[in-house]
file model15.cif (mmCIF, C-alpha atoms)
data_my_file
loop_
_atom_site.group_PDB
_atom_site.id
_atom_site.type_symbol
_atom_site.label_atom_id
_atom_site.label_comp_id
_atom_site.auth_asym_id
_atom_site.auth_seq_id
_atom_site.Cartn_x
_atom_site.Cartn_y
_atom_site.Cartn_z
ATOM 1 C CA MET A 1 -7.234 -78.145 -130.425
ATOM 2 C CA ASP A 2 -4.122 -79.656 -131.978
ATOM 3 C CA LEU A 3 -1.533 -80.662 -129.393
ATOM 4 C CA ASN A 4 1.084 -78.469 -131.064
ATOM 5 C CA ASP A 5 -1.142 -75.500 -130.222
ATOM 6 C CA ALA A 6 -1.987 -76.685 -126.701
ATOM 7 C CA LEU A 7 1.494 -77.612 -125.452
ATOM 8 C CA GLN A 8 4.660 -75.543 -125.365
ATOM 9 C CA VAL A 9 7.680 -77.796 -124.793
ATOM 10 C CA PHE A 10 11.386 -77.264 -124.147
ATOM 11 C CA ALA A 11 14.043 -79.922 -123.453
ATOM 12 C CA LEU A 12 17.704 -79.568 -122.522
ATOM 13 C CA THR A 13 20.411 -81.927 -121.290
ATOM 14 C CA ASP A 14 23.885 -80.936 -120.073
ATOM 15 C CA PRO A 15 26.868 -83.009 -118.863
ATOM 16 C CA GLY A 16 27.480 -80.736 -115.865
ATOM 17 C CA LEU A 17 30.898 -79.649 -114.654
ATOM 18 C CA VAL A 18 32.348 -82.907 -113.280
ATOM 19 C CA ARG A 19 31.337 -85.807 -115.525
ATOM 20 C CA ASN A 20 33.202 -86.216 -118.820
ATOM 21 C CA HIS A 21 30.187 -87.651 -120.635
ATOM 22 C CA ASN A 22 26.409 -87.413 -120.437
ATOM 23 C CA GLU A 23 24.379 -90.474 -119.407
ATOM 24 C CA ASP A 24 21.039 -88.630 -119.526
ATOM 25 C CA ALA A 25 18.736 -88.785 -122.536
ATOM 26 C CA VAL A 26 15.653 -86.724 -123.360
ATOM 27 C CA PHE A 27 12.876 -86.785 -125.954
ATOM 28 C CA ALA A 28 10.057 -84.311 -126.541
ATOM 29 C CA ASP A 29 7.369 -84.281 -129.245
ATOM 30 C CA PRO A 30 4.531 -81.844 -128.499
ATOM 31 C CA GLY A 31 2.593 -83.058 -131.524
ATOM 32 C CA LYS A 32 2.317 -86.499 -129.939
ATOM 33 C CA GLY A 33 1.993 -85.144 -126.417
ATOM 34 C CA LEU A 34 5.004 -87.241 -125.418
ATOM 35 C CA VAL A 35 8.002 -86.347 -123.251
ATOM 36 C CA ILE A 36 10.601 -88.826 -121.934
ATOM 37 C CA LEU A 37 13.621 -88.398 -119.670
ATOM 38 C CA ALA A 38 16.062 -91.151 -118.654
ATOM 39 C CA ASP A 39 19.121 -91.048 -116.391
ATOM 40 C CA GLY A 40 21.500 -93.945 -117.083
ATOM 41 C CA MET A 41 23.750 -95.828 -114.707
ATOM 42 C CA GLY A 42 26.419 -98.505 -115.070
ATOM 43 C CA GLY A 43 30.017 -98.940 -116.152
ATOM 44 C CA TYR A 44 31.902 -96.806 -118.646
ATOM 45 C CA ASN A 45 29.349 -95.496 -121.203
ATOM 46 C CA ALA A 46 26.885 -98.262 -120.234
ATOM 47 C CA GLY A 47 24.529 -95.795 -118.557
ATOM 48 C CA GLU A 48 24.474 -93.772 -121.756
ATOM 49 C CA VAL A 49 23.544 -96.912 -123.671
ATOM 50 C CA ALA A 50 20.714 -97.801 -121.266
ATOM 51 C CA SER A 51 19.155 -94.332 -121.239
ATOM 52 C CA GLY A 52 19.526 -94.044 -125.008
ATOM 53 C CA MET A 53 17.817 -97.400 -125.534
ATOM 54 C CA ALA A 54 14.956 -96.435 -123.230
ATOM 55 C CA VAL A 55 14.263 -93.130 -124.950
ATOM 56 C CA THR A 56 14.728 -94.431 -128.504
ATOM 57 C CA LEU A 57 12.646 -97.581 -128.090
ATOM 58 C CA LEU A 58 9.823 -95.932 -126.147
ATOM 59 C CA SER A 59 9.542 -92.894 -128.411
ATOM 60 C CA GLY A 60 9.417 -95.200 -131.441
ATOM 61 C CA ARG A 61 6.829 -97.530 -129.937
ATOM 62 C CA LEU A 62 4.574 -94.799 -128.542
ATOM 63 C CA GLY A 63 4.811 -92.775 -131.742
ATOM 64 C CA GLU A 64 3.283 -95.550 -133.848
ATOM 65 C CA PRO A 65 -0.065 -94.623 -135.485
ATOM 66 C CA ALA A 66 -1.892 -97.503 -133.780
ATOM 67 C CA PHE A 67 -0.852 -96.222 -130.351
ATOM 68 C CA GLN A 68 -1.648 -92.612 -131.225
ATOM 69 C CA ARG A 69 -5.203 -93.574 -132.254
ATOM 70 C CA MET A 70 -6.040 -95.187 -128.901
ATOM 71 C CA LEU A 71 -8.631 -93.608 -126.651
ATOM 72 C CA PRO A 72 -7.109 -92.082 -123.514
ATOM 73 C CA ASP A 73 -8.678 -94.570 -121.117
ATOM 74 C CA ALA A 74 -7.064 -97.443 -123.024
ATOM 75 C CA LEU A 75 -3.492 -96.149 -122.948
ATOM 76 C CA GLU A 76 -2.192 -97.433 -119.623
ATOM 77 C CA HIS A 77 -2.021 -101.158 -120.412
ATOM 78 C CA PRO A 78 -0.172 -100.850 -123.772
ATOM 79 C CA LEU A 79 2.144 -98.255 -122.206
ATOM 80 C CA GLN A 80 2.998 -100.675 -119.418
ATOM 81 C CA GLU A 81 3.636 -103.412 -121.979
ATOM 82 C CA ALA A 82 5.955 -101.075 -123.899
ATOM 83 C CA ILE A 83 7.952 -100.231 -120.769
ATOM 84 C CA LEU A 84 8.259 -103.906 -119.781
ATOM 85 C CA SER A 85 9.447 -104.724 -123.307
ATOM 86 C CA VAL A 86 12.104 -101.997 -123.140
ATOM 87 C CA ASN A 87 13.161 -103.234 -119.701
ATOM 88 C CA GLN A 88 13.698 -106.700 -121.178
ATOM 89 C CA ALA A 89 15.707 -105.293 -124.085
ATOM 90 C CA ILE A 90 18.050 -103.350 -121.795
ATOM 91 C CA HIS A 91 18.395 -106.286 -119.413
ATOM 92 C CA GLN A 92 19.180 -108.682 -122.257
ATOM 93 C CA ALA A 93 21.824 -106.319 -123.676
ATOM 94 C CA ALA A 94 23.404 -106.085 -120.230
ATOM 95 C CA GLN A 95 23.471 -109.879 -119.960
ATOM 96 C CA CYS A 96 24.935 -110.443 -123.418
ATOM 97 C CA GLU A 97 27.596 -107.717 -123.564
ATOM 98 C CA PRO A 98 30.249 -107.732 -120.782
ATOM 99 C CA GLN A 99 30.882 -103.997 -121.136
ATOM 100 C CA TYR A 100 27.199 -103.342 -120.394
ATOM 101 C CA ALA A 101 26.925 -105.580 -117.325
ATOM 102 C CA GLY A 102 24.817 -104.008 -114.596
ATOM 103 C CA MET A 103 23.613 -101.090 -116.680
ATOM 104 C CA GLY A 104 20.207 -99.570 -116.117
ATOM 105 C CA THR A 105 18.319 -96.312 -116.287
ATOM 106 C CA THR A 106 15.682 -94.322 -114.480
ATOM 107 C CA LEU A 107 12.633 -93.183 -116.420
ATOM 108 C CA VAL A 108 10.055 -90.442 -116.157
ATOM 109 C CA LEU A 109 7.561 -90.257 -119.015
ATOM 110 C CA GLY A 110 4.631 -87.943 -119.591
ATOM 111 C CA LEU A 111 1.840 -88.545 -122.084
ATOM 112 C CA PHE A 112 -0.537 -85.610 -122.528
ATOM 113 C CA CYS A 113 -3.948 -86.592 -123.912
ATOM 114 C CA ASP A 114 -7.579 -85.610 -123.411
ATOM 115 C CA ASP A 115 -6.813 -82.749 -120.990
ATOM 116 C CA ARG A 116 -4.910 -85.178 -118.768
ATOM 117 C CA LEU A 117 -1.356 -86.232 -118.042
ATOM 118 C CA LEU A 118 -0.529 -89.923 -117.832
ATOM 119 C CA LEU A 119 2.686 -89.930 -115.809
ATOM 120 C CA VAL A 120 4.958 -92.970 -115.484
ATOM 121 C CA HIS A 121 8.214 -93.222 -113.576
ATOM 122 C CA VAL A 122 10.821 -95.703 -112.438
ATOM 123 C CA GLY A 123 13.658 -94.628 -110.138
ATOM 124 C CA ASP A 124 14.460 -91.136 -108.878
ATOM 125 C CA SER A 125 13.996 -88.905 -111.915
ATOM 126 C CA ARG A 126 11.156 -86.556 -111.070
ATOM 127 C CA CYS A 127 8.156 -84.602 -112.303
ATOM 128 C CA TYR A 128 6.987 -81.347 -110.718
ATOM 129 C CA ARG A 129 3.922 -79.224 -111.489
ATOM 130 C CA LEU A 130 3.723 -75.451 -111.138
ATOM 131 C CA ARG A 131 0.067 -74.440 -110.802
ATOM 132 C CA GLN A 132 -1.046 -70.948 -109.818
ATOM 133 C CA GLY A 133 2.393 -70.183 -108.443
ATOM 134 C CA HIS A 134 2.685 -73.322 -106.298
ATOM 135 C CA LEU A 135 5.276 -76.007 -107.121
ATOM 136 C CA GLU A 136 4.349 -79.592 -106.238
ATOM 137 C CA ARG A 137 6.330 -82.790 -106.757
ATOM 138 C CA LEU A 138 4.117 -85.378 -108.494
ATOM 139 C CA THR A 139 6.506 -88.352 -108.347
ATOM 140 C CA ARG A 140 7.795 -90.255 -105.336
ATOM 141 C CA ASP A 141 11.407 -91.421 -105.678
ATOM 142 C CA HIS A 142 12.030 -95.153 -105.863
ATOM 143 C CA SER A 143 15.160 -94.893 -103.746
ATOM 144 C CA LEU A 144 16.689 -96.048 -100.484
ATOM 145 C CA LEU A 145 16.693 -92.455 -99.296
ATOM 146 C CA GLN A 146 12.942 -92.073 -99.894
ATOM 147 C CA GLU A 147 12.300 -95.293 -97.950
ATOM 148 C CA GLN A 148 14.345 -93.909 -95.042
ATOM 149 C CA ILE A 149 12.341 -90.673 -95.140
ATOM 150 C CA ASP A 150 9.038 -92.571 -95.269
ATOM 151 C CA SER A 151 10.029 -94.718 -92.284
ATOM 152 C CA GLY A 152 11.068 -91.673 -90.233
ATOM 153 C CA LEU A 153 14.763 -92.562 -90.125
ATOM 154 C CA LEU A 154 15.713 -89.335 -91.904
ATOM 155 C CA SER A 155 14.200 -85.880 -92.226
ATOM 156 C CA GLU A 156 13.993 -84.169 -95.618
ATOM 157 C CA GLU A 157 16.833 -81.856 -94.580
ATOM 158 C CA GLU A 158 19.034 -84.737 -93.403
ATOM 159 C CA ALA A 159 18.322 -86.551 -96.653
ATOM 160 C CA ARG A 160 19.783 -83.676 -98.684
ATOM 161 C CA HIS A 161 23.189 -84.368 -97.135
ATOM 162 C CA SER A 162 23.040 -88.173 -97.180
ATOM 163 C CA ARG A 163 25.632 -90.234 -99.043
ATOM 164 C CA ASN A 164 22.842 -92.571 -100.198
ATOM 165 C CA ARG A 165 21.186 -90.005 -102.477
ATOM 166 C CA ASN A 166 21.686 -91.981 -105.685
ATOM 167 C CA LEU A 167 20.810 -95.520 -104.538
ATOM 168 C CA VAL A 168 17.631 -96.342 -106.464
ATOM 169 C CA THR A 169 15.390 -99.287 -105.633
ATOM 170 C CA ARG A 170 13.890 -99.553 -109.129
ATOM 171 C CA ALA A 171 15.439 -99.012 -112.561
ATOM 172 C CA LEU A 172 14.881 -100.193 -116.118
ATOM 173 C CA GLY A 173 17.156 -103.032 -117.206
ATOM 174 C CA VAL A 174 18.669 -104.022 -113.864
ATOM 175 C CA GLU A 175 16.297 -106.947 -113.328
ATOM 176 C CA SER A 176 14.280 -109.037 -115.781
ATOM 177 C CA MET A 177 11.076 -107.459 -114.418
ATOM 178 C CA VAL A 178 10.294 -103.958 -113.218
ATOM 179 C CA GLU A 179 7.237 -102.263 -111.735
ATOM 180 C CA PRO A 180 6.633 -98.811 -113.214
ATOM 181 C CA GLU A 181 4.445 -96.431 -111.220
ATOM 182 C CA PHE A 182 1.472 -94.856 -113.039
ATOM 183 C CA ASN A 183 -0.487 -91.737 -112.096
ATOM 184 C CA ARG A 184 -3.095 -89.624 -113.877
ATOM 185 C CA TYR A 185 -3.607 -85.894 -113.437
ATOM 186 C CA ASP A 186 -6.108 -83.439 -114.901
ATOM 187 C CA VAL A 187 -4.266 -80.514 -116.466
ATOM 188 C CA GLU A 188 -5.218 -76.836 -116.418
ATOM 189 C CA VAL A 189 -4.292 -74.076 -118.821
ATOM 190 C CA GLY A 190 -1.276 -72.286 -117.372
ATOM 191 C CA ASP A 191 0.217 -75.378 -115.711
ATOM 192 C CA ILE A 192 3.955 -75.912 -116.165
ATOM 193 C CA TYR A 193 5.318 -79.462 -115.791
ATOM 194 C CA LEU A 194 9.006 -80.043 -115.124
ATOM 195 C CA LEU A 195 10.629 -83.432 -115.724
ATOM 196 C CA CYS A 196 14.201 -83.601 -114.455
ATOM 197 C CA SER A 197 17.091 -85.886 -113.599
ATOM 198 C CA ASP A 198 18.535 -85.824 -110.087
ATOM 199 C CA GLY A 199 21.356 -83.650 -111.374
ATOM 200 C CA LEU A 200 18.890 -80.778 -110.990
ATOM 201 C CA ASN A 201 17.075 -81.486 -107.724
ATOM 202 C CA ASP A 202 20.253 -82.656 -105.942
ATOM 203 C CA MET A 203 21.925 -79.324 -106.740
ATOM 204 C CA VAL A 204 19.044 -76.828 -106.620
ATOM 205 C CA GLU A 205 16.608 -76.304 -103.732
ATOM 206 C CA GLN A 206 12.923 -76.766 -104.560
ATOM 207 C CA ASP A 207 12.196 -73.147 -103.564
ATOM 208 C CA ASP A 208 14.761 -71.961 -106.128
ATOM 209 C CA ILE A 209 13.253 -74.211 -108.805
ATOM 210 C CA ALA A 210 9.828 -72.754 -107.994
ATOM 211 C CA LEU A 211 11.098 -69.157 -108.095
ATOM 212 C CA THR A 212 12.774 -69.734 -111.461
ATOM 213 C CA LEU A 213 9.616 -71.185 -112.993
ATOM 214 C CA GLN A 214 7.405 -68.474 -111.486
ATOM 215 C CA THR A 215 9.682 -65.696 -112.726
ATOM 216 C CA LEU A 216 10.329 -67.079 -116.205
ATOM 217 C CA ALA A 217 6.987 -68.760 -116.902
ATOM 218 C CA ALA A 218 6.511 -66.647 -120.028
ATOM 219 C CA ASN A 219 9.811 -67.819 -121.542
ATOM 220 C CA LEU A 220 10.126 -71.597 -121.297
ATOM 221 C CA PRO A 221 13.541 -71.932 -123.015
ATOM 222 C CA LEU A 222 15.041 -69.283 -120.736
ATOM 223 C CA ALA A 223 13.530 -71.014 -117.682
ATOM 224 C CA GLY A 224 15.040 -74.348 -118.714
ATOM 225 C CA GLU A 225 18.442 -72.854 -119.419
ATOM 226 C CA GLN A 226 18.387 -71.019 -116.090
ATOM 227 C CA LEU A 227 17.586 -74.225 -114.169
ATOM 228 C CA VAL A 228 20.555 -75.998 -115.764
ATOM 229 C CA GLN A 229 22.758 -72.971 -115.063
ATOM 230 C CA LEU A 230 21.717 -72.995 -111.393
ATOM 231 C CA ALA A 231 22.690 -76.668 -111.094
ATOM 232 C CA ASN A 232 26.094 -75.924 -112.611
ATOM 233 C CA ASP A 233 26.564 -72.793 -110.514
ATOM 234 C CA ASN A 234 26.005 -74.961 -107.425
ATOM 235 C CA GLY A 235 28.701 -77.443 -108.443
ATOM 236 C CA GLY A 236 27.312 -79.337 -111.437
ATOM 237 C CA ARG A 237 28.354 -82.666 -109.914
ATOM 238 C CA ASP A 238 26.108 -84.703 -112.217
ATOM 239 C CA ASN A 239 24.544 -84.599 -115.651
ATOM 240 C CA VAL A 240 21.467 -82.385 -115.536
ATOM 241 C CA SER A 241 18.414 -82.641 -117.781
ATOM 242 C CA VAL A 242 15.122 -80.791 -117.855
ATOM 243 C CA ILE A 243 11.950 -80.998 -119.916
ATOM 244 C CA LEU A 244 9.379 -78.233 -119.476
ATOM 245 C CA VAL A 245 5.787 -78.480 -120.707
ATOM 246 C CA LYS A 246 3.425 -75.504 -120.498
ATOM 247 C CA ILE A 247 -0.303 -76.012 -121.049
ATOM 248 C CA THR A 248 -1.463 -73.215 -123.362
ATOM 249 C CA GLY A 249 -4.846 -74.616 -124.443
ATOM 250 C CA ARG A 250 -7.342 -77.438 -123.995
ATOM 251 C CA PHE A 251 -6.877 -80.718 -125.879
ATOM 252 C CA ARG A 252 -10.013 -82.701 -125.083
ATOM 253 C CA VAL A 253 -10.567 -85.710 -127.365
ATOM 254 C CA PRO A 254 -13.944 -85.565 -129.201
ATOM 255 C CA ARG A 255 -16.240 -88.438 -128.249
ATOM 256 C CA SER A 256 -19.214 -90.131 -129.859
ATOM 257 C CA GLY A 257 -22.464 -90.515 -127.913
ATOM 258 C CA TRP A 258 -21.713 -94.055 -126.717
ATOM 259 C CA GLN A 259 -18.182 -93.106 -125.697
ATOM 260 C CA ARG A 260 -19.546 -90.230 -123.587
ATOM 261 C CA LEU A 261 -21.975 -92.658 -121.971
ATOM 262 C CA LEU A 262 -19.198 -95.149 -121.157
ATOM 263 C CA ALA A 263 -17.054 -92.379 -119.704
ATOM 264 C CA TRP A 264 -19.993 -91.208 -117.548
ATOM 265 C CA LEU A 265 -20.657 -94.757 -116.301
ATOM 266 C CA LYS A 266 -17.036 -95.100 -115.218
#

call {"tool": "encode", "arguments": {"input": "model15.cif", "output": "C-alpha cells"}}
result
Amino acid sequence: MDLNDALQVFALTDPGLVRNHNEDAVFADPGKGLVILADGMGGYNAGEVASGMAVTLLSGRLGEPAFQRMLPDALEHPLQEAILSVNQAIHQAAQCEPQYAGMGTTLVLGLFCDDRLLLVHVGDSRCYRLRQGHLERLTRDHSLLQEQIDSGLLSEEEARHSRNRNLVTRALGVESMVEPEFNRYDVEVGDIYLLCSDGLNDMVEQDDIALTLQTLAANLPLAGEQLVQLANDNGGRDNVSVILVKITGRFRVPRSGWQRLLAWLK
C-alpha cells in the first residue's frame, strides 16, 4: 500500500499566549513517511533559526530519492549521519554569527517504513503512542529533570512543578557532537502517534492528552487543534506544536527471496 493511503497525518504549531514569536518548527510528508518536530532555544530569534535549520535540512536530506530507495534495515546509519551533519551546521552557524551564539534545538523525528516506526530524538520533545485506548510515552527526555526522576531525587508529580523543567542535557547545535537516541517500533493499524514540543506536555496532563486522542481519534485535525487549545487554555506559556500520525493501513515493503532470507537470518 502507498504510504499516502496508509498514514493520515496532521501537523500544527502555535506561538501560545505568552511568547511573541514561535521557535518551534514542524514538517510532515505522509508520502515519504516522514515527520519532524523541533523546539528551538537561544537568544532573540536564534531558537527559531536553529529549529528551522534542523527541519529544513533534515527534510531535504531524507527526502532525496537515494534515501527513499533504501531498505528499512539500512536506514539507521545514514539517518544518524544526516542528524550529525545538521548538528554541525547549526553549531557552525552559532559559532560564526554573534546573534546566534548558544542557539540549539530539540528534535523528535519519525520515519514510517515497512510497518515500523524508526523514532529518533534529542532533548525533551516527545513522542506518544495511543494503541487500543492506552497512551504510552515512547521517548525518554534528555533533561536534568528526567535524570533527577531516574535517580529518585524527584517524583513525577514533584517534577511537574520544578523550575528545572526546560533544562535539556542534549540538543542539536549546542556542541560540536551530539548523540541522538534511536528506537524502532512495530506499528499496528489504528495506532495514533503524537509528536509534541514541551509546550503541550508541560501544560496538559497526560490523562487529558489520552482522553482527547481517544475521543477524537476519528478526526485527526480536530484532535490536534483541541490539544493546542488545551495548552493555551491552561496558560499557553510556551510555543506548542503537535504532529499526529494515524496508521490506517499496512505498508510492508515487498522483498525478493534473498532479502526475505536475510531478514529471517537476522

call {"tool": "residues_around", "arguments": {"input": "model15.cif", "residues": "Val9 in chain A", "least_positions_apart": "3", "cutoff": "8 Å", "atoms": "all atoms listed in the file", "output": "NGL selection string"}}
result
:A and (28-30 or 220 or 243-246)

call {"tool": "closest_residue", "arguments": {"input": "model15.cif", "among": "A:Leu222, A:Val253, A:Leu153, A:Ala38", "to": "Met70 in chain A", "atoms": "all atoms listed in the file"}}
result
A:Val253

call {"tool": "atom_distance", "arguments": {"input": "model15.cif", "atom1": "CA of Met177 in chain A", "atom2": "CA of Ala82 in chain A"}}
result
12.5 Å

call {"tool": "resolve_selection", "arguments": {"input": "model15.cif", "expression": "the PyMOL selection byres ((chain A and resi 188) around 9)", "output": "MDAnalysis selection string"}}
result
chainID A and resid 115:116 131 186:187 189:191 247:250

call {"tool": "closest_residue", "arguments": {"input": "model15.cif", "among": "A:Ser85, A:Asn183, A:Thr105, A:Asn4", "to": "Ala50 in chain A", "atoms": "only C-alpha atoms"}}
result
A:Thr105

call {"tool": "atom_distance", "arguments": {"input": "model15.cif", "atom1": "CA of Leu17 in chain A", "atom2": "CA of Asp207 in chain A"}}
result
22.7 Å

call {"tool": "closest_residue", "arguments": {"input": "model15.cif", "among": "A:Gly52, A:Gly40, A:Gly63, A:Gly173", "to": "Gln92 in chain A", "atoms": "all atoms listed in the file"}}
result
A:Gly173

call {"tool": "atom_distance", "arguments": {"input": "model15.cif", "atom1": "CA of Asp5 in chain A", "atom2": "CA of Leu57 in chain A"}}
result
26.1 Å
